[in-house]
Each structure stands twice: as C-alpha cells, then as structure tokens.
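Here's work00.pdb, which has PDB, C-alpha atoms:
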```pdb
ATOM      1  CA  MET A 647     154.845 107.348  60.878  1.00  0.00           C
ATOM      2  CA  ALA A 648     153.009 105.520  63.637  1.00  0.00           C
ATOM      3  CA  GLU A 649     154.572 102.184  64.633  1.00  0.00           C
ATOM      4  CA  THR A 650     151.234 100.476  64.018  1.00  0.00           C
ATOM      5  CA  LEU A 651     151.645 101.049  60.255  1.00  0.00           C
ATOM      6  CA  GLY A 652     153.992  99.013  58.092  1.00  0.00           C
ATOM      7  CA  SER A 653     154.682  97.151  54.879  1.00  0.00           C
ATOM      8  CA  ASP A 654     151.884  95.019  53.436  1.00  0.00           C
ATOM      9  CA  MET A 655     149.358  96.573  55.800  1.00  0.00           C
ATOM     10  CA  VAL A 656     145.722  96.557  54.724  1.00  0.00           C
ATOM     11  CA  LEU A 657     143.551  99.613  55.390  1.00  0.00           C
ATOM     12  CA  GLN A 658     139.796  99.349  55.786  1.00  0.00           C
ATOM     13  CA  ARG A 659     138.061 100.219  52.513  1.00  0.00           C
ATOM     14  CA  ASP A 660     134.917 102.365  52.433  1.00  0.00           C
ATOM     15  CA  TRP A 661     136.001 103.845  55.771  1.00  0.00           C
ATOM     16  CA  GLU A 662     137.776 107.096  56.705  1.00  0.00           C
ATOM     17  CA  ASN A 663     141.306 106.072  57.806  1.00  0.00           C
ATOM     18  CA  SER A 664     143.493 108.334  59.968  1.00  0.00           C
ATOM     19  CA  ILE A 665     147.223 108.106  59.316  1.00  0.00           C
ATOM     20  CA  HIS A 666     149.348 109.820  61.975  1.00  0.00           C
ATOM     21  CA  GLY A 667     152.873 110.155  63.219  1.00  0.00           C
ATOM     22  CA  LYS A 668     155.574 112.392  64.652  1.00  0.00           C
ATOM     23  CA  GLY A 669     158.049 114.638  62.884  1.00  0.00           C
ATOM     24  CA  THR A 670     159.880 117.935  62.902  1.00  0.00           C
ATOM     25  CA  ALA A 671     157.590 120.909  63.471  1.00  0.00           C
ATOM     26  CA  ALA A 672     156.589 122.679  60.230  1.00  0.00           C
ATOM     27  CA  ALA A 673     157.850 119.809  58.022  1.00  0.00           C
ATOM     28  CA  GLU A 674     155.579 118.654  55.195  1.00  0.00           C
ATOM     29  CA  VAL A 675     154.149 115.127  55.205  1.00  0.00           C
ATOM     30  CA  LYS A 676     152.771 113.695  51.973  1.00  0.00           C
ATOM     31  CA  ILE A 677     150.745 110.518  51.432  1.00  0.00           C
ATOM     32  CA  VAL A 678     150.042 109.167  47.961  1.00  0.00           C
ATOM     33  CA  PHE A 679     147.116 106.771  48.067  1.00  0.00           C
ATOM     34  CA  ASN A 680     145.292 105.374  45.066  1.00  0.00           C
ATOM     35  CA  LYS A 681     146.934 107.987  42.790  1.00  0.00           C
ATOM     36  CA  LYS A 682     145.708 110.844  45.024  1.00  0.00           C
ATOM     37  CA  THR A 683     148.024 113.044  47.087  1.00  0.00           C
ATOM     38  CA  PHE A 684     147.245 114.203  50.625  1.00  0.00           C
ATOM     39  CA  LYS A 685     149.493 116.694  52.443  1.00  0.00           C
ATOM     40  CA  THR A 686     149.771 118.188  55.888  1.00  0.00           C
ATOM     41  CA  ILE A 687     152.298 120.103  57.981  1.00  0.00           C
ATOM     42  CA  VAL A 688     153.690 118.765  61.268  1.00  0.00           C
ATOM     43  CA  HIS A 689     152.155 120.687  64.178  1.00  0.00           C
ATOM     44  CA  PRO A 690     154.369 122.641  66.624  1.00  0.00           C
ATOM     45  CA  ASP A 691     154.000 119.767  69.124  1.00  0.00           C
ATOM     46  CA  GLY A 692     155.627 117.388  66.585  1.00  0.00           C
ATOM     47  CA  PHE A 693     152.495 115.408  65.669  1.00  0.00           C
ATOM     48  CA  TRP A 694     150.673 115.193  62.338  1.00  0.00           C
ATOM     49  CA  VAL A 695     147.522 113.489  61.047  1.00  0.00           C
ATOM     50  CA  ILE A 696     146.023 112.946  57.609  1.00  0.00           C
ATOM     51  CA  LYS A 697     142.507 111.561  57.259  1.00  0.00           C
ATOM     52  CA  LEU A 698     142.036 109.545  54.087  1.00  0.00           C
ATOM     53  CA  PRO A 699     138.479 109.699  52.757  1.00  0.00           C
ATOM     54  CA  LYS A 700     136.428 106.573  52.106  1.00  0.00           C
ATOM     55  CA  MET A 701     137.972 104.776  49.107  1.00  0.00           C
ATOM     56  CA  ARG A 702     138.092 101.443  47.382  1.00  0.00           C
ATOM     57  CA  ALA A 703     141.190  99.192  47.588  1.00  0.00           C
ATOM     58  CA  GLY A 704     144.509 100.694  46.369  1.00  0.00           C
ATOM     59  CA  GLY A 705     148.186 101.382  47.142  1.00  0.00           C
ATOM     60  CA  LEU A 706     149.842 103.619  49.737  1.00  0.00           C
ATOM     61  CA  THR A 707     153.193 105.447  49.679  1.00  0.00           C
ATOM     62  CA  ILE A 708     154.309 107.752  52.483  1.00  0.00           C
ATOM     63  CA  SER A 709     157.219 110.177  52.119  1.00  0.00           C
TER
END
```

Please express the file's structure as structure tokens.
Amino acid sequence: MAETLGSDMVLQRDWENSIHGKGTAAAEVKIVFNKKTFKTIVHPDGFWVIKLPKMRAGGLTIS
C-alpha cells in the first residue's frame, strides 16, 4: 500500500479515490470499503491501483 495511506486517514467523499501500491506480480489485492469489495491483480511491473467510485463516508480495510 502506498506510504501516503495509513490508519485514521480520511478519504474525500463524493470523489473518485485512487488507492495504489506495490506487490508481487499476479497477486490479488482486495479493498473492502463501505461494505463493498473491490479487487485487482498486481501488474507484472509490481504496481496495482484500485479506483473507488464516488461514495459517502464509510470504513476502509485493505488486505
């Protein structure tokens, strides 16, 4: 996960937020936000990105 993200962080509501980071190529990344799950696969270059759609306030868990 990008170093700019951390505990107790607030994301902009009503705005598309990009969450990105680095990992092992072909690994799955999952974000649970506001009871919705978003998944992606790490690209061959080791980077991944998930764009969260515009939402109201809620919680975020990354695994």

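Using all atoms listed in the file, the nearest neighbour of Ile665 (chain A) within the list A:Lys682, A:Arg702, A:Val688, A:Ile677 is A:Ile677.
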
Worksheet item: Pick from A:His666, A:Arg659, A:Lys676, A:Lys681: nearest to Lys697 (chain A), with all atoms listed in the file counted?
Response: A:His666

Item to complete: Work out how far CA of Ala672 (chain A) is from CA of Gly652 (chain A), in Å to one decimal.
Response: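 Atom-to-atom, CA of Gly652 (chain A) and CA of Ala672 (chain A) are spaced 23.9 Å apart.
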
Worksheet item: Which of these, A:Thr670, A:Asn663, A:Ser653, A:Asn680, has the shortest distance to Ala703 (chain A) once you count only C-alpha atoms?
Response: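 Of the candidates, the smallest distance to Ala703 (chain A) is held by A:Asn680.
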
Worksheet item: So how many Å separate CA of His689 (chain A) and CA of Ala671 (chain A), to one decimal?
Response: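 Taking CA of His689 (chain A) as the start and CA of Ala671 (chain A) as the end point, the length is 5.5 Å.
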
Can you list, as a PDB file with C-alpha atoms, in the coordinates of the input, the residues that the PyMOL selection byres ((chain A and resi 661) around 8) selects here?
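Saved file out.pdb follows:
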```
ATOM      1  CA  GLN A 658     139.796  99.349  55.786  1.00  0.00           C
ATOM      2  CA  ARG A 659     138.061 100.219  52.513  1.00  0.00           C
ATOM      3  CA  ASP A 660     134.917 102.365  52.433  1.00  0.00           C
ATOM      4  CA  GLU A 662     137.776 107.096  56.705  1.00  0.00           C
ATOM      5  CA  ASN A 663     141.306 106.072  57.806  1.00  0.00           C
ATOM      6  CA  PRO A 699     138.479 109.699  52.757  1.00  0.00           C
ATOM      7  CA  LYS A 700     136.428 106.573  52.106  1.00  0.00           C
ATOM      8  CA  MET A 701     137.972 104.776  49.107  1.00  0.00           C
TER       9      MET A 701
END
```

Practice prompt. Could you tell me how far CA of Phe679 (chain A) lies from CA of Ile696 (chain A), in Å and to one decimal?
Written response: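 We find that CA of Phe679 (chain A) and CA of Ile696 (chain A) lie 11.4 Å from each other.
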
Box for region 685-700 of chain A - axis-aligned, 8 Å on each of the six sides, all listed atoms - centre and size in Å to one decimal, as AutoDock Vina command-line options.
```
--center_x 146.0 --center_y 114.6 --center_z 60.6 --size_x 35.2 --size_y 32.1 --size_z 33.0
```

Fill in: Option closest in space to Pro690 (chain A), from A:Leu657, A:Val675, A:Gly669, A:Ser664 [counting all atoms listed in the file]
A:Gly669
